[in-house]
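To start, the structure under review is shown below, and the notes come after it.
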Amino acid sequence: MNESVFLASLLDEMPEVVPLDDHNRALVAHVHPTDWQNPPPRARYNLVVIGGGTAGLVTAAGAAGLGATVALVERQLLGGDCLNVGCVPSKALIRAARAAAAVRDAGAFGVEVPTGVRVDFPAVMERMRRLRAHLSAHDSAQRFRDLGVDVFLGNACFTGPDTVAVDEQTLRFAKAVIATGSRASEPSIPGLKETDYLTNETVFSLTELPQRLAVIGAGPIGCELAQAFARFGSEVFLIETLHGILPNDDPEAAEIVQRAMVRDGLHILCCGKDLQISRPDDGKRLWVDAHGEHYDIVVNDILVGVGRTPNLEGLGLEAAGVTCEKTGVTVNERLHTTNPRIYAAGDICSPYKFTHTADAMARLVIQNALFLGRTKVSALTTPWCTYTDPEVAHVGLDAKQAQAKGIPVQTLVQPLAEVDRAVLDGDPDGFVKIHIRQGTDRLLGATIVAPHAGDLLSEVTLAMVGRLGLKTLARTIHPYPTQAEALKKVGDAYNRTRLTPFVKSLLTTWLGWTR
Ligand SMILES: Cc1cc2nc3c(=O)[nH]c(=O)nc-3n(C[C@H](O)[C@H](O)[C@H](O)COP(=O)(O)OP(=O)(O)OC[C@H]3O[C@@H](n4cnc5c(N)ncnc54)[C@H](O)[C@@H]3O)c2cc1C
């Protein structure tokens with residue numbers, strides 16, 4: 001399975017792989033128009049951008065908006081993973097899955113739902129394709145042409161330190177940006193190669209709900225999709241080699257999500273060892289040992305989400321003098337590659353593989369490449385969120401990371417079970433956990449587990465970027481009842497820790513005098 005399956009199936013009209021409906025035709029018309037004519041290249045560009053995902057699009061639009069001559073090269077679909085096979089389709093599915101769960105759980109709110117309610121999976125997928133096609137207008141080739149960008153559809157390959165070939169054409173540049181992104185990694189699991197399996201490249205083209213689905217990898221992508229498919233009605237087996245799900249998140253947060261997934265009916269097989277796959281006549285068969293038990297599972301489909309591999313192949317990096325590693329293009333703090341003319345941004349060079357990181361890096365590259373900027377990537381405050389239900393959102397350091405840096409840390413936790421709105425909404429499982437530098441109210445980081453943790457987190461991120469402390473969160477009036485009151489409560493808890501016995505005795509004495 002390679003990363004071009006989605007586009008190839010769309011362009012080659014392969015209805016057995018990808019639905020060829022009006023929505024997908026509209027998508028292609030926007031982000032890879034089949035009648036597109038590449039423009040004649042200019043003598044030399046201020047900036048050539050390779051890759052039309054978030055990092056490339058933001059760089060190209062921003063630079064052209066500031067008056068630079070810009071060429072943007074995309075070999076598949078403008079919009080990259082996020083629009084076509086990542087954030088956008090996955091969040092559309094997750095929203096539908098949340099609707100299904102709300103109907104399932106309606107009885108707890110005194111709402112009677114007739115038995116036999118079921119999810120119309122083809123309709124869920126059709127909604128996703130419609131919304132994706134709608135959003136794709138923003139990333140369209142025509143829009144970028146209208147912004148003044150020379151859009152080239154084709155494979156880009158460096159031919160020298162300041163030249164890129166796109167098919168027969170040569171683009172000369174003063175500066176270039178590599179924004180070629182990443183694709184699903186292929187784990188070496190015995191039998192996997194011989195079995196058709198799904199990745200993010202193909203799962204959003206399903207037209208029938210798999211009755212039984214194995215998901216390999218319990219990181220953000222695996223967890224989000226495993227929970228969504230379980231809510232649609234698939235019997236889902238989530239297999240993870242590590243001890244628990246979401247291994248990069250706060251373990252207490254991951255535990256809450258794991259409990260929610262078990263309530264959704266998922267089979268979670270952590271500490272999975274000796275996984276093997278075969279392809280018998282009746283489906284796809286997996287053998288795995290998990291927690292001392294041996295499992296022999298037959299499923300209709302297998303979805304693999306075990307990490308990302310950078311798209312480095314065929315780029316001609318050697319000709320350009322750009323060094324790379326297994327993890328991607330080598331960059332310094334200012335996103336410079338080993339060729340002083342060439343920068344990189346997004347998944348191709350970032351350990352944080354998120355759309356908003358790609359966007360932030362693109363803005364940094366514009367400053368540094370075109371305007372002698374000196375901004376460092378380490379100066380960015382990067383939040384992230386996993387869109388399971390409940391969501392897990394994080395920013396900054398956790399307690400262990402702070403300690404490892406020698407920073408004395410104090411952690412304050414507010415359970416959602418003590419926040420009125422969370423109780424009334426029926427969402428008491430979650431928390432706001434905030435780490436501060438001990439003896440001060442300076443925010444070091446936070447983890448939030450809540451239905452809309454990603455939205456709640458932005459208040460903390462803003463406070464960190466604006467260097468506002470917990471005292472400011474405490475004196476900010478939050479509307480009652482909102483889940484964001486949890487943040488104010490953490491601020492109040494911090495203020496209470498400042499009420500030492502000495503301060504308390506002073507206050508008591510003062511109040512005694514003024515009676
Ligand atoms: C299922 C899934 C869900 C996700 N959900 C979220 C989410 O909710 N929130 C979030 O922040 N992130 C999410 N992500 C991550 C997000 O999609 C990526 O971090 C983001 O797309 C990275 O953008 P990018 O521009 O670096 O790379 P990409 O989007 O991968 O774009 C790179 C582009 O470069 C093109 N390209 C590669 N090589 C060449 C070449 N030689 N010549 C020309 N073009 C080339 C590719 O075709 C591609 O279009 C998700 C990812 C997946 C897979």
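Going through the structure tokens in order, the chains are called A, B, and so on, while each chain numbers its residues from 1 and the ligands are numbered from 1 in the order shown.
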
| task | Using DSSP on the backbone coordinates, identify all residues within region 238-333 of chain A classified as alpha helix (DSSP H); present the result as a ChimeraX atom specification. | result | /A:251-263,317-320

| task | Check the DSSP output for the backbone and give back, as number ranges by chain, the residues of region 224-376 of chain A in strand (DSSP E or B). | result | A: 235-239, 267-269, 272-278, 284-290, 293-299, 301-304, 308-310, 324-325, 328-329, 336, 342-344

What does the file look like for those residues with N, CA and C atoms, as a CSV table (one decimal), in the first residue's frame?
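Contents of the output file out-v2.csv:
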```
chain,number,residue,atom,x,y,z
A,235,GLU,N,-17.5,-4.7,15.8
A,235,GLU,CA,-16.9,-5.3,16.9
A,235,GLU,C,-15.4,-5.0,16.7
A,236,VAL,N,-14.8,-4.2,17.6
A,236,VAL,CA,-13.4,-3.7,17.4
A,236,VAL,C,-12.4,-4.3,18.4
A,237,PHE,N,-11.3,-4.8,17.8
A,237,PHE,CA,-10.2,-5.3,18.6
A,237,PHE,C,-9.0,-4.3,18.5
A,238,LEU,N,-8.7,-3.6,19.6
A,238,LEU,CA,-7.6,-2.6,19.5
A,238,LEU,C,-6.3,-3.3,20.1
A,239,ILE,N,-5.3,-3.4,19.2
A,239,ILE,CA,-4.1,-4.2,19.7
A,239,ILE,C,-2.9,-3.2,19.8
A,267,HIS,N,-12.7,-4.3,22.5
A,267,HIS,CA,-11.8,-5.2,23.1
A,267,HIS,C,-10.4,-4.6,23.1
A,268,ILE,N,-9.8,-4.3,24.2
A,268,ILE,CA,-8.5,-3.7,24.2
A,268,ILE,C,-7.4,-4.7,24.6
A,269,LEU,N,-6.5,-5.0,23.6
A,269,LEU,CA,-5.5,-6.0,23.9
A,269,LEU,C,-4.1,-5.3,24.0
A,272,GLY,N,0.4,-6.5,23.7
A,272,GLY,CA,0.3,-7.5,22.7
A,272,GLY,C,1.6,-8.0,22.2
A,273,LYS,N,1.8,-9.3,22.2
A,273,LYS,CA,3.1,-9.9,21.8
A,273,LYS,C,2.9,-10.9,20.7
A,274,ASP,N,3.9,-11.1,19.9
A,274,ASP,CA,3.9,-12.2,18.9
A,274,ASP,C,2.7,-12.1,17.9
A,275,LEU,N,2.4,-10.9,17.5
A,275,LEU,CA,1.2,-10.7,16.6
A,275,LEU,C,1.6,-11.4,15.2
A,276,GLN,N,0.6,-12.2,14.8
A,276,GLN,CA,0.8,-12.8,13.4
A,276,GLN,C,-0.5,-12.7,12.7
A,277,ILE,N,-0.4,-12.6,11.4
A,277,ILE,CA,-1.7,-12.4,10.6
A,277,ILE,C,-1.7,-13.4,9.4
A,278,SER,N,-2.8,-14.0,9.1
A,278,SER,CA,-2.9,-14.8,7.9
A,278,SER,C,-4.2,-14.5,7.2
A,284,LYS,N,-9.8,-12.2,7.7
A,284,LYS,CA,-8.4,-12.0,8.1
A,284,LYS,C,-8.2,-12.5,9.5
A,285,ARG,N,-7.1,-13.2,9.7
A,285,ARG,CA,-7.0,-13.9,11.0
A,285,ARG,C,-5.8,-13.3,11.8
A,286,LEU,N,-5.9,-13.0,13.0
A,286,LEU,CA,-4.8,-12.5,13.8
A,286,LEU,C,-4.6,-13.4,15.0
A,287,TRP,N,-3.4,-13.6,15.3
A,287,TRP,CA,-3.0,-14.3,16.6
A,287,TRP,C,-2.2,-13.4,17.4
A,288,VAL,N,-2.5,-13.2,18.7
A,288,VAL,CA,-1.7,-12.3,19.5
A,288,VAL,C,-1.9,-12.8,21.0
A,289,ASP,N,-0.7,-12.6,21.7
A,289,ASP,CA,-0.8,-12.9,23.1
A,289,ASP,C,-0.9,-11.5,23.8
A,290,ALA,N,-1.8,-11.4,24.7
A,290,ALA,CA,-1.9,-10.1,25.5
A,290,ALA,C,-2.3,-10.5,26.9
A,293,GLU,N,-2.9,-14.1,27.9
A,293,GLU,CA,-4.0,-14.8,27.2
A,293,GLU,C,-3.6,-14.9,25.7
A,294,HIS,N,-4.0,-16.0,25.1
A,294,HIS,CA,-3.8,-16.1,23.6
A,294,HIS,C,-5.1,-15.8,22.9
A,295,TYR,N,-5.0,-14.9,21.9
A,295,TYR,CA,-6.2,-14.6,21.2
A,295,TYR,C,-6.1,-15.0,19.7
A,296,ASP,N,-7.2,-15.6,19.2
A,296,ASP,CA,-7.2,-16.0,17.8
A,296,ASP,C,-8.5,-15.4,17.2
A,297,ILE,N,-8.3,-14.3,16.4
A,297,ILE,CA,-9.4,-13.4,16.0
A,297,ILE,C,-9.6,-13.4,14.5
A,298,VAL,N,-10.8,-13.6,14.1
A,298,VAL,CA,-11.1,-13.5,12.6
A,298,VAL,C,-11.8,-12.2,12.4
A,299,VAL,N,-11.4,-11.3,11.5
A,299,VAL,CA,-12.0,-10.0,11.3
A,299,VAL,C,-12.2,-9.8,9.8
A,301,ASP,N,-11.7,-6.6,8.5
A,301,ASP,CA,-10.7,-5.7,8.0
A,301,ASP,C,-9.7,-5.4,9.1
A,302,ILE,N,-8.5,-5.0,8.7
A,302,ILE,CA,-7.5,-4.6,9.7
A,302,ILE,C,-7.0,-3.2,9.3
A,303,LEU,N,-7.0,-2.3,10.3
A,303,LEU,CA,-6.6,-0.9,10.2
A,303,LEU,C,-5.3,-0.8,10.9
A,304,VAL,N,-4.3,-0.3,10.2
A,304,VAL,CA,-2.9,-0.1,10.8
A,304,VAL,C,-2.7,1.4,11.1
A,308,ARG,N,4.2,7.2,11.8
A,308,ARG,CA,4.4,7.8,10.5
A,308,ARG,C,5.8,7.7,10.0
A,309,THR,N,5.9,7.7,8.6
A,309,THR,CA,7.2,7.6,8.0
A,309,THR,C,7.3,8.9,7.1
A,310,PRO,N,8.4,9.6,7.1
A,310,PRO,CA,8.5,10.8,6.3
A,310,PRO,C,8.6,10.5,4.8
A,324,CYS,N,19.2,14.0,5.6
A,324,CYS,CA,18.0,13.5,6.3
A,324,CYS,C,18.3,12.3,7.1
A,325,GLU,N,17.4,12.0,8.1
A,325,GLU,CA,17.5,10.8,8.9
A,325,GLU,C,16.3,10.0,8.8
A,328,GLY,N,13.2,12.0,9.3
A,328,GLY,CA,12.8,13.1,8.3
A,328,GLY,C,14.0,14.0,8.0
A,329,VAL,N,13.7,15.1,7.4
A,329,VAL,CA,14.8,16.1,7.0
A,329,VAL,C,15.4,16.7,8.2
A,336,HIS,N,16.1,25.6,9.1
A,336,HIS,CA,17.1,25.5,8.1
A,336,HIS,C,17.5,24.1,7.9
A,342,ILE,N,17.5,26.2,1.7
A,342,ILE,CA,16.4,25.3,1.8
A,342,ILE,C,15.9,25.1,3.3
A,343,TYR,N,14.6,25.3,3.5
A,343,TYR,CA,14.0,25.1,4.8
A,343,TYR,C,13.1,23.9,4.7
A,344,ALA,N,12.6,23.4,5.9
A,344,ALA,CA,11.6,22.4,5.9
A,344,ALA,C,10.5,22.7,7.0
```

| One-decimal distance in Å that lies between CA of Thr375 (chain A) and CA of Val70 (chain A) |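 Straight-line distance from CA of Val70 (chain A) to CA of Thr375 (chain A) works out to 21.5 Å.
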
| message | For ligand 1, return the neighbouring residues as a PyMOL selection string (distance at most 6 Å; only C-alpha atoms and all ligand atoms). | response | chain A and resi 50-56+73-78+80-82+86-87+90+155-157+179-182+200+221+311+315+346-348+353-356+358

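Counting only C-alpha atoms, the residue from A:Asp146, A:Glu168, A:Asp264, A:Asp249 that sits nearest to Leu397 (chain A) is A:Asp249.
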
| Any idea what's packed within 12 Å of region 104-109 of chain A, counting only C-alpha atoms, ignoring anything in its chain fewer than 4 positions away? Could you give it as a list in words? |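 Contacts, in chain order: Ala97, Arg98, Ala99, Ala100, Val113, Pro114, Thr115, Gly116, Val117, Arg118, Val119, Arg231, Phe232, Gly233, Arg263, Asp264, Leu424, Asp425, Gly426 and Asp427 of chain A.
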
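Of the listed residues (A:Leu443, A:Gly491, A:Leu47, A:Glu13), A:Leu47 comes nearest to Val365 (chain A); the distances count only C-alpha atoms.
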
| Nearest candidate to Arg145 (chain A) (options A:Ala463, A:Val31, A:Ala486, A:Val432; using only C-alpha atoms) |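 Smallest separation from Arg145 (chain A) among the options: A:Val31.
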
| Using only C-alpha atoms, which of A:Ala362, A:Ala319, A:Leu444, A:Ala184 sits nearest Arg467 (chain A)? | A:Leu444

| query | Out of A:Thr411, A:Thr500, A:Thr388, A:Thr382, which residue has the shortest atom-to-atom distance to Met261 (chain A) when counting only C-alpha atoms? | reply | A:Thr388

| Which of these, A:Ala254, A:Leu192, A:Val331, A:Ala450, has the shortest distance to Val423 (chain A) once you count only C-alpha atoms? |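 Looking only at the distances to Val423 (chain A), the closest residue turns out to be A:Ala450.
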